[in-house]
>>> print(open('target.cif').read())   # mmCIF, C-alpha atoms
data_data
#
loop_
_atom_site.group_PDB
_atom_site.id
_atom_site.type_symbol
_atom_site.label_atom_id
_atom_site.label_comp_id
_atom_site.auth_asym_id
_atom_site.auth_seq_id
_atom_site.Cartn_x
_atom_site.Cartn_y
_atom_site.Cartn_z
ATOM 1 C CA MET P 1 111.710 98.343 95.279
ATOM 2 C CA GLY P 2 114.494 99.783 97.405
ATOM 3 C CA ARG P 3 113.606 102.509 99.813
ATOM 4 C CA ALA P 4 115.481 105.775 99.326
ATOM 5 C CA SER P 5 116.823 107.205 102.533
ATOM 6 C CA VAL P 6 114.852 110.435 102.740
ATOM 7 C CA VAL P 7 115.590 112.203 105.997
ATOM 8 C CA SER P 8 112.541 113.919 107.430
ATOM 9 C CA THR P 9 113.750 117.317 108.494
ATOM 10 C CA GLU P 10 110.859 117.787 110.876
ATOM 11 C CA SER P 11 112.012 115.176 113.372
ATOM 12 C CA ARG P 12 115.718 115.977 113.763
ATOM 13 C CA ARG P 13 116.623 115.638 117.456
ATOM 14 C CA PRO P 14 119.942 116.690 118.955
ATOM 15 C CA ILE P 15 121.716 114.333 121.341
ATOM 16 C CA CYS P 16 120.870 116.184 124.537
ATOM 17 C CA SER P 17 121.733 115.474 128.149
ATOM 18 C CA SER P 18 119.160 115.115 130.862
ATOM 19 C CA ALA P 19 119.476 118.729 132.065
ATOM 20 C CA ILE P 20 118.735 120.177 128.643
ATOM 21 C CA ARG P 21 115.927 117.677 128.183
ATOM 22 C CA GLN P 22 114.215 118.886 131.356
ATOM 23 C CA GLN P 23 114.433 122.480 130.192
ATOM 24 C CA GLU P 24 113.084 121.581 126.765
ATOM 25 C CA SER P 25 110.265 119.500 128.149
ATOM 26 C CA ALA P 26 109.229 122.391 130.358
ATOM 27 C CA GLU P 27 109.051 124.636 127.288
ATOM 28 C CA GLU P 28 107.518 122.127 124.927
ATOM 29 C CA ALA P 29 104.872 120.979 127.364
ATOM 30 C CA THR P 30 103.140 124.319 127.017
ATOM 31 C CA VAL P 31 103.573 124.633 123.241
ATOM 32 C CA THR P 32 103.063 121.209 121.612
ATOM 33 C CA PRO P 33 102.267 118.420 124.032
ATOM 34 C CA LYS P 34 101.177 115.877 121.435
ATOM 35 C CA THR P 35 103.567 116.076 118.479
ATOM 36 C CA SER P 36 106.800 116.260 120.466
ATOM 37 C CA SER P 37 106.235 112.924 122.163
ATOM 38 C CA ARG P 38 105.893 110.990 118.855
ATOM 39 C CA GLU P 39 108.455 110.631 116.108
ATOM 40 C CA PHE P 40 106.927 110.987 112.656
ATOM 41 C CA SER P 41 108.286 108.615 110.038
ATOM 42 C CA ILE P 42 107.337 108.874 106.386
ATOM 43 C CA TYR P 43 107.249 105.085 106.153
ATOM 44 C CA PRO P 44 103.894 103.437 106.785
ATOM 45 C CA PRO P 45 103.290 100.974 109.608
ATOM 46 C CA MET P 46 104.013 97.464 108.400
ATOM 47 C CA PRO P 47 101.102 95.006 108.230
ATOM 48 C CA GLY P 48 102.767 92.684 110.724
ATOM 49 C CA GLU P 49 103.996 94.965 113.469
ATOM 50 C CA ASP P 50 101.728 96.782 115.928
ATOM 51 C CA SER P 51 101.984 100.544 115.794
ATOM 52 C CA PRO P 52 100.112 102.850 118.173
ATOM 53 C CA LEU P 53 98.900 105.085 115.332
ATOM 54 C CA ARG P 54 95.146 105.171 114.896
ATOM 55 C CA TRP P 55 92.986 107.268 112.596
ATOM 56 C CA GLY P 56 89.391 107.588 113.708
ATOM 57 C CA GLY P 57 89.911 104.538 115.887
ATOM 58 C CA MET P 58 90.978 102.411 112.888
ATOM 59 C CA LYS P 59 94.370 100.855 112.265
ATOM 60 C CA PHE P 60 96.299 101.650 109.116
ATOM 61 C CA GLU P 61 95.291 98.380 107.415
ATOM 62 C CA ASP P 62 91.566 98.993 107.937
ATOM 63 C CA LEU P 63 91.386 102.491 106.474
ATOM 64 C CA PRO P 64 89.427 102.874 103.229
ATOM 65 C CA ILE P 65 91.426 103.381 100.036
ATOM 66 C CA ALA P 66 90.904 106.015 97.329
ATOM 67 C CA HIS P 67 92.236 104.754 94.000
ATOM 68 C CA ILE P 68 93.162 107.549 91.582
ATOM 69 C CA LYS P 69 93.905 106.512 88.012
ATOM 70 C CA ALA P 70 95.497 109.517 86.327
ATOM 71 C CA THR P 71 95.774 108.787 82.619
ATOM 72 C CA TYR P 72 96.898 111.323 80.052
ATOM 73 C CA ASN P 73 93.340 111.947 78.856
ATOM 74 C CA ASN P 74 91.230 111.536 81.987
ATOM 75 C CA THR P 75 91.263 110.938 85.741
ATOM 76 C CA HIS P 76 89.190 108.302 87.522
ATOM 77 C CA ILE P 77 88.662 108.213 91.279
ATOM 78 C CA GLN P 78 87.192 105.232 93.109
ATOM 79 C CA VAL P 79 86.851 104.934 96.876
ATOM 80 C CA THR P 80 86.799 101.417 98.314
ATOM 81 C CA ASP P 81 87.077 100.009 101.800
ATOM 82 C CA HIS P 82 90.124 98.108 102.986
ATOM 83 C CA SER P 83 89.038 94.816 101.409
ATOM 84 C CA GLY P 84 88.264 96.367 98.008
ATOM 85 C CA GLN P 85 84.484 96.668 98.277
ATOM 86 C CA TYR P 86 83.152 99.535 96.182
ATOM 87 C CA MET P 87 81.988 102.665 97.981
ATOM 88 C CA ALA P 88 82.051 105.620 95.556
ATOM 89 C CA ARG P 89 83.277 106.305 92.024
ATOM 90 C CA THR P 90 83.604 109.396 89.847
ATOM 91 C CA SER P 91 85.658 110.611 86.953
ATOM 92 C CA CYS P 92 86.212 113.837 85.075
ATOM 93 C CA GLY P 93 83.814 112.750 82.351
ATOM 94 C CA ALA P 94 81.122 112.088 84.946
ATOM 95 C CA GLU P 95 81.490 115.682 86.124
ATOM 96 C CA GLY P 96 80.388 117.009 82.756
ATOM 97 C CA PHE P 97 83.768 117.769 81.193
ATOM 98 C CA ARG P 98 84.257 116.697 77.588
ATOM 99 C CA ASN P 99 87.239 115.634 75.475
ATOM 100 C CA VAL P 100 90.249 117.826 76.081
ATOM 101 C CA LYS P 101 88.875 119.451 79.248
ATOM 102 C CA LYS P 102 88.906 116.082 81.004
ATOM 103 C CA SER P 103 92.697 116.046 80.927
ATOM 104 C CA THR P 104 93.140 119.135 83.090
ATOM 105 C CA PRO P 105 94.013 119.499 86.769
ATOM 106 C CA ILE P 106 90.844 121.518 87.388
ATOM 107 C CA ALA P 107 88.652 118.662 86.197
ATOM 108 C CA ALA P 108 90.560 116.295 88.462
ATOM 109 C CA GLN P 109 90.020 118.643 91.378
ATOM 110 C CA THR P 110 86.240 118.762 90.815
ATOM 111 C CA ALA P 111 86.190 114.973 90.512
ATOM 112 C CA GLY P 112 88.068 114.775 93.816
ATOM 113 C CA ILE P 113 85.596 117.079 95.536
ATOM 114 C CA SER P 114 82.595 115.115 94.315
ATOM 115 C CA ALA P 115 84.220 111.791 95.262
ATOM 116 C CA ALA P 116 84.902 113.170 98.740
ATOM 117 C CA ALA P 117 81.278 114.255 99.050
ATOM 118 C CA LYS P 118 80.024 110.802 98.001
ATOM 119 C CA ALA P 119 82.399 109.077 100.394
ATOM 120 C CA GLN P 120 81.433 111.285 103.315
ATOM 121 C CA ALA P 121 77.813 110.376 102.658
ATOM 122 C CA LYS P 122 78.865 106.768 103.369
ATOM 123 C CA GLY P 123 80.667 107.748 106.557
ATOM 124 C CA VAL P 124 84.310 107.961 105.516
ATOM 125 C CA THR P 125 86.709 110.454 107.101
ATOM 126 C CA PHE P 126 90.290 109.115 106.826
ATOM 127 C CA VAL P 127 91.486 107.629 103.586
ATOM 128 C CA ARG P 128 94.701 106.286 102.073
ATOM 129 C CA VAL P 129 95.362 107.368 98.509
ATOM 130 C CA VAL P 130 96.735 105.091 95.785
ATOM 131 C CA VAL P 131 97.807 106.898 92.614
ATOM 132 C CA LYS P 132 98.245 105.085 89.325
ATOM 133 C CA GLY P 133 99.645 106.728 86.226
ATOM 134 C CA LEU P 134 101.415 109.963 85.364
ATOM 135 C CA GLY P 135 98.691 112.305 84.219
ATOM 136 C CA PRO P 136 97.818 115.949 84.646
ATOM 137 C CA GLY P 137 95.358 115.220 87.449
ATOM 138 C CA ARG P 138 97.744 113.362 89.696
ATOM 139 C CA LEU P 139 98.246 115.976 92.409
ATOM 140 C CA SER P 140 95.088 118.023 91.955
ATOM 141 C CA ALA P 141 92.859 114.975 92.521
ATOM 142 C CA ILE P 142 94.426 114.512 95.957
ATOM 143 C CA LYS P 143 93.973 118.234 96.581
ATOM 144 C CA GLY P 144 90.338 117.889 95.584
ATOM 145 C CA LEU P 145 89.883 115.061 98.085
ATOM 146 C CA THR P 146 91.263 117.217 100.895
ATOM 147 C CA MET P 147 89.179 120.194 99.771
ATOM 148 C CA GLY P 148 86.086 117.995 99.781
ATOM 149 C CA GLY P 149 86.662 117.167 103.434
ATOM 150 C CA LEU P 150 88.411 113.783 103.459
ATOM 151 C CA GLU P 151 91.613 113.433 105.490
ATOM 152 C CA VAL P 152 94.474 111.941 103.501
ATOM 153 C CA VAL P 153 96.606 109.682 105.691
ATOM 154 C CA SER P 154 99.144 108.327 103.211
ATOM 155 C CA ILE P 155 99.944 108.483 99.496
ATOM 156 C CA THR P 156 101.007 105.348 97.622
ATOM 157 C CA ASP P 157 102.174 105.199 94.051
ATOM 158 C CA ASN P 158 101.024 102.102 92.198
ATOM 159 C CA THR P 159 102.046 103.129 88.673
ATOM 160 C CA PRO P 160 102.389 99.955 86.602
ATOM 161 C CA VAL P 161 106.004 99.430 85.618
ATOM 162 C CA PRO P 162 106.424 96.497 83.236
ATOM 163 C CA HIS P 163 109.691 94.611 83.442
ATOM 164 C CA ASN P 164 109.685 94.500 79.619
ATOM 165 C CA GLY P 165 106.272 92.866 79.224
ATOM 166 C CA CYS P 166 103.861 94.092 76.567
ATOM 167 C CA ARG P 167 105.267 96.122 73.713
ATOM 168 C CA PRO P 168 103.909 99.691 73.807
ATOM 169 C CA ARG P 169 102.826 101.597 70.721
ATOM 170 C CA LYS P 170 105.364 103.018 68.293
ATOM 171 C CA ALA P 171 107.095 106.346 68.861
ATOM 172 C CA ARG P 172 105.337 109.408 67.491
ATOM 173 C CA ARG P 173 106.583 111.639 64.687
ATOM 174 C CA MET P 174 108.361 109.067 62.606
ATOM 175 C CA MET J 1 102.307 95.159 91.592
ATOM 176 C CA ALA J 2 99.754 92.485 92.347
ATOM 177 C CA ARG J 3 102.296 89.968 93.690
ATOM 178 C CA HIS J 4 103.803 92.300 96.273
ATOM 179 C CA LEU J 5 102.535 93.374 99.675
ATOM 180 C CA ARG J 6 100.445 96.483 99.240
ATOM 181 C CA PHE J 7 101.201 99.765 101.028
ATOM 182 C CA VAL J 8 104.754 98.734 101.851
ATOM 183 C CA ALA J 9 106.810 100.202 99.017
ATOM 184 C CA ARG J 10 106.376 103.578 97.322
ATOM 185 C CA THR J 11 104.275 104.858 100.231
ATOM 186 C CA VAL J 12 104.604 108.172 102.040
ATOM 187 C CA MET J 13 102.710 109.189 105.168
ATOM 188 C CA VAL J 14 101.121 112.605 105.374
ATOM 189 C CA GLN J 15 102.051 114.716 108.396
ATOM 190 C CA ASP J 16 99.492 117.185 109.787
ATOM 191 C CA GLY J 17 97.515 117.232 106.579
ATOM 192 C CA ASN J 18 100.463 118.617 104.590
ATOM 193 C CA VAL J 19 99.660 116.857 101.327
ATOM 194 C CA ASP J 20 102.050 118.983 99.222
ATOM 195 C CA ALA J 21 105.100 118.068 101.261
ATOM 196 C CA ALA J 22 104.124 114.403 101.213
ATOM 197 C CA TYR J 23 103.658 114.510 97.432
ATOM 198 C CA LYS J 24 107.044 116.172 97.031
ATOM 199 C CA ALA J 25 108.652 113.511 99.190
ATOM 200 C CA LEU J 26 106.958 110.804 97.128
ATOM 201 C CA ASN J 27 108.209 112.372 93.885
ATOM 202 C CA ARG J 28 111.713 112.585 95.307
ATOM 203 C CA VAL J 29 111.659 108.908 96.303
ATOM 204 C CA LEU J 30 110.324 107.872 92.893
ATOM 205 C CA SER J 31 112.846 109.900 90.918
ATOM 206 C CA VAL J 32 115.738 108.609 93.022
ATOM 207 C CA ASP J 33 114.527 105.072 92.349
ATOM 208 C CA GLY J 34 114.310 105.898 88.638
ATOM 209 C CA ILE J 35 110.637 104.998 88.327
ATOM 210 C CA LEU J 36 109.400 108.303 86.894
ATOM 211 C CA GLU J 37 111.805 108.296 83.965
ATOM 212 C CA THR J 38 111.178 104.602 83.296
ATOM 213 C CA VAL J 39 107.434 105.202 83.080
ATOM 214 C CA LYS J 40 107.932 108.177 80.745
ATOM 215 C CA ARG J 41 110.296 106.217 78.548
ATOM 216 C CA LYS J 42 108.069 103.160 78.294
ATOM 217 C CA ARG J 43 105.097 105.139 77.117
ATOM 218 C CA TYR J 44 106.218 104.629 73.545
ATOM 219 C CA TYR J 45 108.354 101.794 72.280
ATOM 220 C CA GLU J 46 112.086 102.456 72.077
ATOM 221 C CA LYS J 47 113.839 100.456 69.384
ATOM 222 C CA PRO J 48 116.961 98.517 70.452
ATOM 223 C CA CYS J 49 119.240 100.677 68.292
ATOM 224 C CA ARG J 50 117.874 103.839 69.909
ATOM 225 C CA GLN J 51 118.232 102.269 73.340
ATOM 226 C CA ARG J 52 121.893 101.412 72.729
ATOM 227 C CA GLN J 53 122.565 104.975 71.513
ATOM 228 C CA ARG J 54 120.873 106.408 74.593
ATOM 229 C CA GLU J 55 122.782 104.163 77.027
ATOM 230 C CA ASN J 56 126.049 105.089 75.365
ATOM 231 C CA TYR J 57 125.200 108.775 75.517
ATOM 232 C CA GLU J 58 124.226 108.577 79.191
ATOM 233 C CA ASN J 59 127.437 106.754 80.098
ATOM 234 C CA CYS J 60 129.587 109.339 78.345
ATOM 235 C CA ARG J 61 127.620 112.144 79.966
ATOM 236 C CA ARG J 62 128.027 110.617 83.413
ATOM 237 C CA ILE J 63 131.774 110.235 83.003
ATOM 238 C CA TYR J 64 132.122 113.757 81.654
ATOM 239 C CA HIS J 65 130.139 115.351 84.478
ATOM 240 C CA ALA J 66 131.969 113.368 87.160
ATOM 241 C CA GLU J 67 135.341 114.344 85.743
ATOM 242 C CA MET J 68 134.366 117.998 85.377
ATOM 243 C CA ALA J 69 133.042 118.154 88.943
ATOM 244 C CA ARG J 70 136.246 116.566 90.200
ATOM 245 C CA ARG J 71 138.404 119.079 88.364
ATOM 246 C CA ILE J 72 136.347 122.059 89.471
ATOM 247 C CA SER J 73 136.401 120.998 93.108
ATOM 248 C CA PHE J 74 140.166 120.525 92.845
ATOM 249 C CA LEU J 75 140.702 123.978 91.376
ATOM 250 C CA SER J 76 138.369 125.695 93.818
ATOM 251 C CA LYS J 77 140.300 124.492 96.861
ATOM 252 C CA ALA J 78 141.465 127.691 98.553
ATOM 253 C CA ASN J 79 142.632 126.480 101.973
ATOM 254 C CA ARG J 80 145.847 124.575 101.436
ATOM 255 C CA PRO J 81 149.302 124.736 103.042
ATOM 256 C CA ASP J 82 151.514 127.403 101.513
ATOM 257 C CA PRO J 83 153.635 125.715 98.811
ATOM 258 C CA TRP J 84 156.300 128.442 98.934
ATOM 259 C CA LEU J 85 156.742 128.379 102.710
ATOM 260 C CA GLY J 86 160.361 128.445 103.745
ATOM 261 C CA CYS J 87 161.779 129.887 100.532
#
>>> encode(input="target.cif", output="structure tokens")
Amino acid sequence: MGRASVVSTESRRPICSSAIRQQESAEEATVTPKTSSREFSIYPPMPGEDSPLRWGGMKFEDLPIAHIKATYNNTHIQVTDHSGQYMARTSCGAEGFRNVKKSTPIAAQTAGISAAAKAQAKGVTFVRVVVKGLGPGRLSAIKGLTMGGLEVVSITDNTPVPHNGCRPRKARRM
Amino acid sequence: MARHLRFVARTVMVQDGNVDAAYKALNRVLSVDGILETVKRKRYYEKPCRQRQRENYENCRRIYHAEMARRISFLSKANRPDPWLGC
């Protein structure tokens, strides 16, 4: 998949000379000492290269993963560690919603909150999110995870895109 | 994508806990790559005749919009050297 060149507007730096840099550093040192020294890139650190970023003392590859499967009728959330070992699992149906109420953003949010609570009981703070599917609970599940207390570090989209594999069902309203 | 490296493509980092901005950036990347519309289209099967009609329609639409934008930008040029100078 090609990477689109999305320019992050937060880290736009002018080409400044040394005199201006000294003035700016004198101002910025009092305001934001931490964020001005590091450039934020929306791209994740590659598995091979060493990046200085750490979350809770863990590298990016060792963070636990929260898989969110957002189908059109339901939303499942499963939290695993970096190798894929199961840690916590909920879904909208497990929260007590039935039938059509499972396919709502509110149900996904409650599922996210309960999954965050279960994961925090196992000692998880920072988590990378992997979303699969285009459903109504796609964004609100992530919101629920943050509301439940987990820190989201990155969002990946793992929606299955077949390169003309299995034939899907026929079009509706023939 | 089981045969690819995980967390390399289609990944967006979250800055300062701003999940909404990260989600927007992810959606922008996916729509520019054409993944969102592919997923929506492949939900139901599209017969080959319908696919050919749609490709034809999209090509014509693209040409029409490009030509119209070109003409409008040409007509809306206000700063140009005076054509009647010296008469």
>>> interface_residues(input="target.cif", of="chain J", to="chain P", cutoff="6 Å", atoms="all atoms listed in the file", output="number ranges by chain")
J: 10-14, 29, 44-45
>>> axis_aligned_box(input="target.cif", around="range 136-145 of chain P", padding_each_side="6 Å", output="AutoDock Vina command-line options")
--center_x 94.1 --center_y 115.8 --center_z 91.4 --size_x 20.4 --size_y 16.9 --size_z 25.4
>>> residues_near_point(input="target.cif", point="(92.4, 108.7, 112.9)", cutoff="10 Å", atoms="only C-alpha atoms", output="list of chain:residue names")
P:Leu53, P:Arg54, P:Trp55, P:Gly56, P:Gly57, P:Met58, P:Lys59, P:Phe60, P:Leu63, P:Thr125, P:Phe126, P:Val127, P:Glu151, P:Val153
>>> resolve_selection(input="target.cif", expression="the PyMOL selection byres ((chain P and resi 70-76) around 12)", output="MDAnalysis selection string")
(chainID P and resid 66:69 77:79 88:95 97:112 114:115 130:142 157:160) or (chainID J and resid 40 43)
>>> closest_residue(input="target.cif", among="P:Glu49, P:Asp62, P:Arg173, P:Asp81", to="Lys122 in chain P", atoms="only C-alpha atoms")
P:Asp81
>>> atom_distance(input="target.cif", atom1="CA of Lys118 in chain P", atom2="CA of Arg6 in chain J")
25.0 Å
>>> atom_distance(input="target.cif", atom1="CA of Leu150 in chain P", atom2="CA of Ala117 in chain P")
8.4 Å
>>> atom_distance(input="target.cif", atom1="CA of Thr80 in chain P", atom2="CA of Ala119 in chain P")
9.1 Å
>>> closest_residue(input="target.cif", among="P:Glu39, P:Gly48, P:Gly96, P:Ala121", to="Val8 in chain J", atoms="only C-alpha atoms")
P:Gly48
>>> closest_residue(input="target.cif", among="P:Gly123, P:Ala116, P:Ile65, P:His163", to="Gly149 in chain P", atoms="all atoms listed in the file")
P:Ala116
